[in-house]
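Pasted below: my_file.cif, mmCIF, C-alpha atoms.
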```cif
data_upload
#
loop_
_atom_site.label_atom_id
_atom_site.label_comp_id
_atom_site.auth_asym_id
_atom_site.auth_seq_id
_atom_site.Cartn_x
_atom_site.Cartn_y
_atom_site.Cartn_z
CA MET U 1 0.00 0.00 0.00
CA LYS U 2 1.31 3.44 -0.94
CA LYS U 3 2.43 5.65 1.95
CA VAL U 4 2.70 9.30 2.84
CA LEU U 5 5.87 9.89 4.86
CA VAL U 6 6.44 12.51 7.56
CA PHE U 7 10.12 13.07 8.37
CA LEU U 8 11.34 13.61 11.92
CA ALA U 9 14.66 15.27 12.75
CA GLU U 10 15.99 16.26 16.16
CA GLY U 11 14.26 19.54 17.05
CA PHE U 12 11.13 19.13 14.88
CA GLU U 13 7.94 21.04 15.73
CA GLU U 14 5.79 18.52 17.59
CA ILE U 15 2.37 20.08 16.86
CA GLU U 16 3.02 20.04 13.13
CA ALA U 17 4.20 16.44 12.90
CA VAL U 18 1.61 14.93 15.24
CA THR U 19 -1.32 16.88 13.77
CA ILE U 20 -0.46 15.86 10.21
CA VAL U 21 0.05 12.18 11.09
CA ASP U 22 -3.10 12.07 13.23
CA LEU U 23 -5.31 13.67 10.58
CA LEU U 24 -4.02 11.51 7.74
CA ARG U 25 -4.53 8.36 9.79
CA ARG U 26 -8.09 9.45 10.72
CA ALA U 27 -8.72 9.65 6.97
CA ASP U 28 -7.33 6.12 6.49
CA VAL U 29 -4.33 7.44 4.57
CA ASN U 30 -1.32 5.18 5.14
CA CYS U 31 0.97 7.66 6.88
CA LYS U 32 4.29 6.72 8.47
CA THR U 33 6.90 8.70 10.38
CA ILE U 34 10.54 8.40 9.33
CA SER U 35 13.47 9.26 11.59
CA ILE U 36 16.41 10.77 9.75
CA THR U 37 18.59 10.05 12.78
CA GLU U 38 20.21 6.71 13.54
CA LYS U 39 17.50 5.82 16.04
CA ARG U 40 13.72 5.68 16.06
CA GLU U 41 13.38 7.94 19.11
CA VAL U 42 13.50 11.57 18.00
CA MET U 43 13.32 14.55 20.36
CA GLY U 44 11.02 17.39 19.37
CA ALA U 45 11.85 21.10 19.68
CA HIS U 46 10.02 21.33 23.01
CA GLY U 47 11.55 18.26 24.62
CA VAL U 48 8.81 15.79 23.70
CA PRO U 49 10.27 12.44 22.57
CA PHE U 50 8.63 10.56 19.71
CA ILE U 51 9.14 7.06 18.38
CA ALA U 52 9.20 7.07 14.58
CA ASP U 53 7.68 4.18 12.67
CA MET U 54 10.96 3.53 10.87
CA LEU U 55 14.44 4.80 10.09
CA PHE U 56 15.29 6.61 6.87
CA ASP U 57 15.62 4.26 3.91
CA GLU U 58 15.90 5.76 0.45
CA LYS U 59 14.19 2.81 -1.26
CA ILE U 60 11.16 2.97 1.06
CA CYS U 61 10.99 6.74 0.57
CA MET U 62 10.95 6.43 -3.21
CA GLU U 63 7.91 4.12 -3.01
CA ALA U 64 5.85 6.77 -1.18
CA ILE U 65 3.19 8.97 -2.77
CA GLY U 66 3.96 12.05 -0.69
CA LEU U 67 6.71 13.48 1.51
CA ILE U 68 5.95 15.91 4.35
CA LEU U 69 8.41 18.04 6.31
CA PRO U 70 7.41 19.50 9.68
CA GLY U 71 9.21 22.67 10.69
CA GLY U 72 10.73 23.68 14.00
CA MET U 73 14.27 24.57 14.87
CA PRO U 74 16.77 23.06 14.70
CA GLY U 75 14.62 20.36 13.05
CA THR U 76 14.37 22.23 9.76
CA ILE U 77 18.14 22.69 9.56
CA ASN U 78 18.65 19.00 10.38
CA LEU U 79 16.24 18.00 7.60
CA GLN U 80 17.96 20.38 5.18
CA ASN U 81 21.38 18.91 5.96
CA HIS U 82 20.35 15.27 5.34
CA ALA U 83 21.79 14.34 1.93
CA GLY U 84 19.58 11.28 1.48
CA LEU U 85 16.40 13.26 2.13
CA THR U 86 17.54 15.99 -0.27
CA LYS U 87 18.08 13.37 -2.98
CA VAL U 88 14.60 11.88 -2.43
CA LEU U 89 12.95 15.34 -2.40
CA GLU U 90 14.67 16.24 -5.69
CA GLU U 91 13.45 13.02 -7.31
CA PHE U 92 9.88 13.58 -6.08
CA TYR U 93 9.96 17.13 -7.42
CA LYS U 94 11.14 15.91 -10.84
CA GLN U 95 8.37 13.29 -10.88
CA ASN U 96 5.66 15.82 -9.87
CA LYS U 97 4.87 13.82 -6.73
CA LEU U 98 3.49 15.73 -3.75
CA ILE U 99 5.97 17.33 -1.39
CA GLY U 100 4.80 19.41 1.55
CA ALA U 101 6.45 21.56 4.20
CA ILE U 102 5.15 23.65 7.09
CA CYS U 103 6.47 26.51 9.24
CA ALA U 104 10.24 26.96 8.68
CA ALA U 105 10.57 23.83 6.51
CA PRO U 106 9.50 25.55 3.25
CA MET U 107 12.96 27.18 3.38
CA ILE U 108 14.28 23.79 2.25
CA PHE U 109 12.08 24.01 -0.84
CA GLY U 110 13.33 27.55 -1.44
CA LYS U 111 16.96 26.45 -1.25
CA LEU U 112 16.29 23.58 -3.69
CA GLY U 113 14.45 25.83 -6.16
CA PHE U 114 11.09 24.05 -5.72
CA VAL U 115 9.04 27.22 -5.13
CA LYS U 116 10.43 29.29 -7.99
CA ASP U 117 7.48 30.82 -9.86
CA LYS U 118 5.03 29.17 -7.43
CA LYS U 119 2.75 30.57 -4.75
CA ALA U 120 4.21 29.57 -1.37
CA THR U 121 4.08 30.46 2.31
CA ILE U 122 6.43 30.13 5.28
CA TYR U 123 6.70 31.18 8.92
CA PRO U 124 6.34 34.99 9.17
CA GLY U 125 9.67 36.78 8.77
CA MET U 126 11.31 33.96 6.81
CA GLU U 127 10.01 34.95 3.37
CA GLU U 128 13.52 35.63 2.01
CA HIS U 129 14.07 31.85 2.05
CA LEU U 130 11.33 31.32 -0.57
CA LYS U 131 13.65 32.09 -3.48
CA GLY U 132 11.71 33.11 -6.58
CA ALA U 133 8.29 32.38 -5.07
CA GLU U 134 5.16 34.46 -5.02
CA CYS U 135 5.10 34.82 -1.23
CA SER U 136 1.69 34.49 0.40
CA THR U 137 0.24 34.88 3.88
CA ASP U 138 -2.34 32.15 3.16
CA MET U 139 -2.48 29.38 5.76
CA VAL U 140 -1.76 26.79 3.05
CA CYS U 141 -0.54 27.18 -0.53
CA TYR U 142 -0.79 24.31 -3.00
CA ASP U 143 0.81 25.07 -6.33
CA ASN U 144 1.13 22.14 -8.71
CA HIS U 145 2.58 19.39 -6.49
CA VAL U 146 4.23 21.63 -3.87
CA MET U 147 2.30 22.37 -0.66
CA THR U 148 3.46 24.84 1.98
CA SER U 149 1.95 26.06 5.24
CA ARG U 150 2.85 28.80 7.72
CA ALA U 151 3.15 27.67 11.33
CA PRO U 152 2.04 25.36 14.14
CA GLY U 153 -1.30 27.19 14.17
CA THR U 154 -1.96 26.20 10.55
CA ALA U 155 -1.23 22.49 11.04
CA MET U 156 -4.93 21.51 11.07
CA THR U 157 -5.62 23.35 7.82
CA PHE U 158 -2.48 21.84 6.28
CA GLY U 159 -3.43 18.33 7.39
CA LEU U 160 -6.95 18.68 6.04
CA LYS U 161 -5.60 19.90 2.69
CA LEU U 162 -3.35 16.84 2.58
CA ILE U 163 -6.41 14.64 3.22
CA GLU U 164 -8.20 16.39 0.36
CA VAL U 165 -5.31 15.59 -1.99
CA PHE U 166 -4.79 11.97 -0.88
CA ALA U 167 -8.34 10.90 0.05
CA GLY U 168 -10.69 13.45 -1.52
CA GLU U 169 -12.58 16.56 -0.52
CA GLN U 170 -15.46 14.60 1.02
CA LYS U 171 -13.12 12.70 3.35
CA ALA U 172 -11.47 15.98 4.41
CA LYS U 173 -14.90 17.42 5.24
CA GLU U 174 -15.83 14.30 7.24
CA VAL U 175 -12.64 14.46 9.30
CA ALA U 176 -13.05 18.22 9.89
CA LYS U 177 -16.66 17.71 11.00
CA GLY U 178 -15.69 14.92 13.39
CA LEU U 179 -13.09 17.22 14.96
CA VAL U 180 -15.55 20.16 15.11
CA TYR U 181 -12.99 22.13 13.09
CA GLN U 182 -14.11 25.36 11.49
CA GLN U 183 -12.02 27.65 9.33
#
```

Written form, C-alpha cells:
Amino acid sequence: MKKVLVFLAEGFEEIEAVTIVDLLRRADVNCKTISITEKREVMGAHGVPFIADMLFDEKICMEAIGLILPGGMPGTINLQNHAGLTKVLEEFYKQNKLIGAICAAPMIFGKLGFVKDKKATIYPGMEEHLKGAECSTDMVCYDNHVMTSRAPGTAMTFGLKLIEVFAGEQKAKEVAKGLVYQQ
C-alpha cells in the first residue's frame, strides 16, 4: 500500500508532525513517520520524545506517494542537511509527486528551487528563504505538487488539505466535521 511519509529530525515542531500524522490516519491514509537520525526515538523542539515508525531508507521513501516536512528549529536545519532526504525530495519534485512543508521547513524548498514561480508560504519573517516564489500569507498554498503552510497554528488546515489531496474533498470534510474544526 502506498504511503505518505512525515520526516522527523531532532528539534522538529511537535504540533506540526503529530497533527499531520493524526489527521491523515483518521482519513485512512497510510501515513508513516521516518526518523532521519540513527535511532527511532527523535526529540522534538520542546523536549517531547517521539518514536518514529521507521528509520530513513531511500528505497522505502521512493515508493511513497507524498513526503511531508514538519518545521521547527533546529529540526528544519537538520532535515535540510540530510543528503539522502535531499536526494529523495529532488526526485519527487522531478516526478511531480506531492511534497509538503510547514512553518520553517518551506525554506528547504526555497533552497532547492522548488518554489520558484510558485505561490508559497512560510513562517512569518522567513520569506527571504522562498527564493523566486510568489510569497503568500495564506495558511496553506498548493501550487502544482508543492504544498506549503505557515506555522504550528496552521497544522490543522495543512493536514486537512493533505487529506483532500490523498483521500478526496469529502473525506477531508468528514474528518473536519468529526473534529468540530471550522475555518

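Taking CA of Lys39 in chain U and CA of Ala83 in chain U as endpoints, the distance between them is 17.0 Å.
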
| Selection result for the PyMOL selection byres ((chain U and resi 159) around 10) on this file, as a PyMOL selection string | chain U and resi 16-24+140+149+154-158+160-165+172+176

Near range 68-79 of chain U, 10 Å: range 111-180 of chain U residue rows, closest pairs, all atoms listed in the file, as a tab-separated table:
```
residue	atom	partner	partner_atom	distance
U:Ile122	CA	U:Gly71	CA	9.6
U:Tyr123	CA	U:Gly71	CA	9.0
U:Met147	CA	U:Ile68	CA	9.0
U:Thr148	CA	U:Leu69	CA	9.5
U:Ser149	CA	U:Pro70	CA	9.6
U:Arg150	CA	U:Gly71	CA	9.3
U:Ala151	CA	U:Gly71	CA	7.9
U:Pro152	CA	U:Gly71	CA	8.4
U:Ala155	CA	U:Pro70	CA	9.2
U:Leu162	CA	U:Ile68	CA	9.5
```

For range 16-26 of chain U, I'd like the enclosing box, axis-aligned and padded by 3 Å on every side, reported as lines of an AutoDock Vina configuration file with centre and edge lengths in Å to one decimal.
```
center_x = -1.9
center_y = 14.2
center_z = 11.5
size_x = 18.3
size_y = 17.7
size_z = 13.5
```

| One-decimal distance in Å that lies between CA of Glu10 in chain U and CA of Asp143 in chain U | 28.5 Å

| task | Using the chain letters and numbers from the file, give me the residues hit by the PyMOL selection byres ((chain U and resi 84-98) around 12), as a VMD selection string. | result | chain U and resid 3 to 9 34 to 37 55 to 69 76 to 83 99 to 101 108 to 109 111 to 115 142 to 148 161 to 162 165 to 166

Selected residues, C-alpha atoms, written as a short mmCIF file (atom, residue, chain, number, x, y, z; two decimals), in the coordinates of the input, please.
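File out_31.cif, as written:
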```
data_model
loop_
_atom_site.label_atom_id
_atom_site.label_comp_id
_atom_site.auth_asym_id
_atom_site.auth_seq_id
_atom_site.Cartn_x
_atom_site.Cartn_y
_atom_site.Cartn_z
CA LYS U 3 2.43 5.65 1.95
CA VAL U 4 2.70 9.30 2.84
CA LEU U 5 5.87 9.89 4.86
CA VAL U 6 6.44 12.51 7.56
CA PHE U 7 10.12 13.07 8.37
CA LEU U 8 11.34 13.61 11.92
CA ALA U 9 14.66 15.27 12.75
CA ILE U 34 10.54 8.40 9.33
CA SER U 35 13.47 9.26 11.59
CA ILE U 36 16.41 10.77 9.75
CA THR U 37 18.59 10.05 12.78
CA LEU U 55 14.44 4.80 10.09
CA PHE U 56 15.29 6.61 6.87
CA ASP U 57 15.62 4.26 3.91
CA GLU U 58 15.90 5.76 0.45
CA LYS U 59 14.19 2.81 -1.26
CA ILE U 60 11.16 2.97 1.06
CA CYS U 61 10.99 6.74 0.57
CA MET U 62 10.95 6.43 -3.21
CA GLU U 63 7.91 4.12 -3.01
CA ALA U 64 5.85 6.77 -1.18
CA ILE U 65 3.19 8.97 -2.77
CA GLY U 66 3.96 12.05 -0.69
CA LEU U 67 6.71 13.48 1.51
CA ILE U 68 5.95 15.91 4.35
CA LEU U 69 8.41 18.04 6.31
CA THR U 76 14.37 22.23 9.76
CA ILE U 77 18.14 22.69 9.56
CA ASN U 78 18.65 19.00 10.38
CA LEU U 79 16.24 18.00 7.60
CA GLN U 80 17.96 20.38 5.18
CA ASN U 81 21.38 18.91 5.96
CA HIS U 82 20.35 15.27 5.34
CA ALA U 83 21.79 14.34 1.93
CA ILE U 99 5.97 17.33 -1.39
CA GLY U 100 4.80 19.41 1.55
CA ALA U 101 6.45 21.56 4.20
CA ILE U 108 14.28 23.79 2.25
CA PHE U 109 12.08 24.01 -0.84
CA LYS U 111 16.96 26.45 -1.25
CA LEU U 112 16.29 23.58 -3.69
CA GLY U 113 14.45 25.83 -6.16
CA PHE U 114 11.09 24.05 -5.72
CA VAL U 115 9.04 27.22 -5.13
CA TYR U 142 -0.79 24.31 -3.00
CA ASP U 143 0.81 25.07 -6.33
CA ASN U 144 1.13 22.14 -8.71
CA HIS U 145 2.58 19.39 -6.49
CA VAL U 146 4.23 21.63 -3.87
CA MET U 147 2.30 22.37 -0.66
CA THR U 148 3.46 24.84 1.98
CA LYS U 161 -5.60 19.90 2.69
CA LEU U 162 -3.35 16.84 2.58
CA VAL U 165 -5.31 15.59 -1.99
CA PHE U 166 -4.79 11.97 -0.88
#
```

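With all atoms listed in the file as the atoms that count, the minimum distance from Gly168 in chain U to the choices U:Asp117, U:Asp28, U:Lys131, U:Pro124 is reached by U:Asp28.
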
| task | Do a neighbour search on Ala120 in chain U at 7 Å with all atoms listed in the file, toss out local chain neighbours closer than 4 positions, and write the hits as an MDAnalysis selection string. | result | chainID U and resid 115 133:136 141 148

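Relative to CA of Met54 in chain U, CA of Cys31 in chain U is found at 11.5 Å.
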
Neighbours of point (15.1, 23.3, 21.4) within 8 Å, using all atoms listed in the file, written as a PDB file with C-alpha atoms, in the frame of the given file:
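As written to disk, selection19.pdb reads:
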```
ATOM      1  CA  GLY U  11      14.260  19.540  17.050  1.00  0.00           C
ATOM      2  CA  GLY U  44      11.020  17.390  19.370  1.00  0.00           C
ATOM      3  CA  ALA U  45      11.850  21.100  19.680  1.00  0.00           C
ATOM      4  CA  HIS U  46      10.020  21.330  23.010  1.00  0.00           C
ATOM      5  CA  GLY U  47      11.550  18.260  24.620  1.00  0.00           C
ATOM      6  CA  MET U  73      14.270  24.570  14.870  1.00  0.00           C
ATOM      7  CA  PRO U  74      16.770  23.060  14.700  1.00  0.00           C
TER       8      PRO U  74
END
```

| request: Name the closest residue to Met126 in chain U among the candidates U:Ala104, U:Glu41, U:Met139, U:Asp53; distances are taken between atoms, counting all atoms listed in the file. | output: U:Ala104

Residue rebuild result range 106-118 of chain U, N, CA, C and O atoms as a PDB file, in the coordinates of the input:
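Output below, filename selection-v7.pdb:
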```pdb
ATOM      1  N   PRO U 106       9.492  25.130   4.655  1.00  0.00           N
ATOM      2  CA  PRO U 106       9.500  25.550   3.250  1.00  0.00           C
ATOM      3  C   PRO U 106      10.820  26.198   2.798  1.00  0.00           C
ATOM      4  O   PRO U 106      11.103  26.268   1.611  1.00  0.00           O
ATOM      5  N   MET U 107      11.651  26.622   3.767  1.00  0.00           N
ATOM      6  CA  MET U 107      12.960  27.180   3.380  1.00  0.00           C
ATOM      7  C   MET U 107      13.794  26.138   2.641  1.00  0.00           C
ATOM      8  O   MET U 107      14.597  26.489   1.778  1.00  0.00           O
ATOM      9  N   ILE U 108      13.571  24.859   2.955  1.00  0.00           N
ATOM     10  CA  ILE U 108      14.280  23.790   2.250  1.00  0.00           C
ATOM     11  C   ILE U 108      13.870  23.788   0.784  1.00  0.00           C
ATOM     12  O   ILE U 108      14.708  23.678  -0.111  1.00  0.00           O
ATOM     13  N   PHE U 109      12.578  23.952   0.535  1.00  0.00           N
ATOM     14  CA  PHE U 109      12.080  24.010  -0.840  1.00  0.00           C
ATOM     15  C   PHE U 109      12.643  25.231  -1.563  1.00  0.00           C
ATOM     16  O   PHE U 109      12.958  25.156  -2.747  1.00  0.00           O
ATOM     17  N   GLY U 110      12.751  26.345  -0.849  1.00  0.00           N
ATOM     18  CA  GLY U 110      13.330  27.550  -1.440  1.00  0.00           C
ATOM     19  C   GLY U 110      14.774  27.333  -1.847  1.00  0.00           C
ATOM     20  O   GLY U 110      15.181  27.694  -2.950  1.00  0.00           O
ATOM     21  N   LYS U 111      15.538  26.715  -0.965  1.00  0.00           N
ATOM     22  CA  LYS U 111      16.960  26.450  -1.250  1.00  0.00           C
ATOM     23  C   LYS U 111      17.114  25.519  -2.452  1.00  0.00           C
ATOM     24  O   LYS U 111      18.038  25.668  -3.250  1.00  0.00           O
ATOM     25  N   LEU U 112      16.200  24.552  -2.594  1.00  0.00           N
ATOM     26  CA  LEU U 112      16.290  23.580  -3.690  1.00  0.00           C
ATOM     27  C   LEU U 112      15.640  24.074  -4.989  1.00  0.00           C
ATOM     28  O   LEU U 112      15.655  23.374  -5.995  1.00  0.00           O
ATOM     29  N   GLY U 113      15.056  25.266  -4.962  1.00  0.00           N
ATOM     30  CA  GLY U 113      14.450  25.830  -6.160  1.00  0.00           C
ATOM     31  C   GLY U 113      13.046  25.322  -6.457  1.00  0.00           C
ATOM     32  O   GLY U 113      12.509  25.543  -7.542  1.00  0.00           O
ATOM     33  N   PHE U 114      12.402  24.658  -5.494  1.00  0.00           N
ATOM     34  CA  PHE U 114      11.090  24.050  -5.720  1.00  0.00           C
ATOM     35  C   PHE U 114       9.936  25.046  -5.735  1.00  0.00           C
ATOM     36  O   PHE U 114       8.850  24.712  -6.197  1.00  0.00           O
ATOM     37  N   VAL U 115      10.143  26.246  -5.186  1.00  0.00           N
ATOM     38  CA  VAL U 115       9.040  27.220  -5.130  1.00  0.00           C
ATOM     39  C   VAL U 115       9.198  28.350  -6.140  1.00  0.00           C
ATOM     40  O   VAL U 115       8.372  29.268  -6.184  1.00  0.00           O
ATOM     41  N   LYS U 116      10.224  28.267  -6.959  1.00  0.00           N
ATOM     42  CA  LYS U 116      10.430  29.290  -7.990  1.00  0.00           C
ATOM     43  C   LYS U 116       9.196  29.356  -8.891  1.00  0.00           C
ATOM     44  O   LYS U 116       8.727  28.336  -9.380  1.00  0.00           O
ATOM     45  N   ASP U 117       8.669  30.564  -9.036  1.00  0.00           N
ATOM     46  CA  ASP U 117       7.480  30.820  -9.860  1.00  0.00           C
ATOM     47  C   ASP U 117       6.234  30.103  -9.349  1.00  0.00           C
ATOM     48  O   ASP U 117       5.310  29.831 -10.111  1.00  0.00           O
ATOM     49  N   LYS U 118       6.202  29.792  -8.041  1.00  0.00           N
ATOM     50  CA  LYS U 118       5.030  29.170  -7.430  1.00  0.00           C
ATOM     51  C   LYS U 118       4.566  30.050  -6.266  1.00  0.00           C
ATOM     52  O   LYS U 118       5.343  30.787  -5.674  1.00  0.00           O
TER      53      LYS U 118
END
```
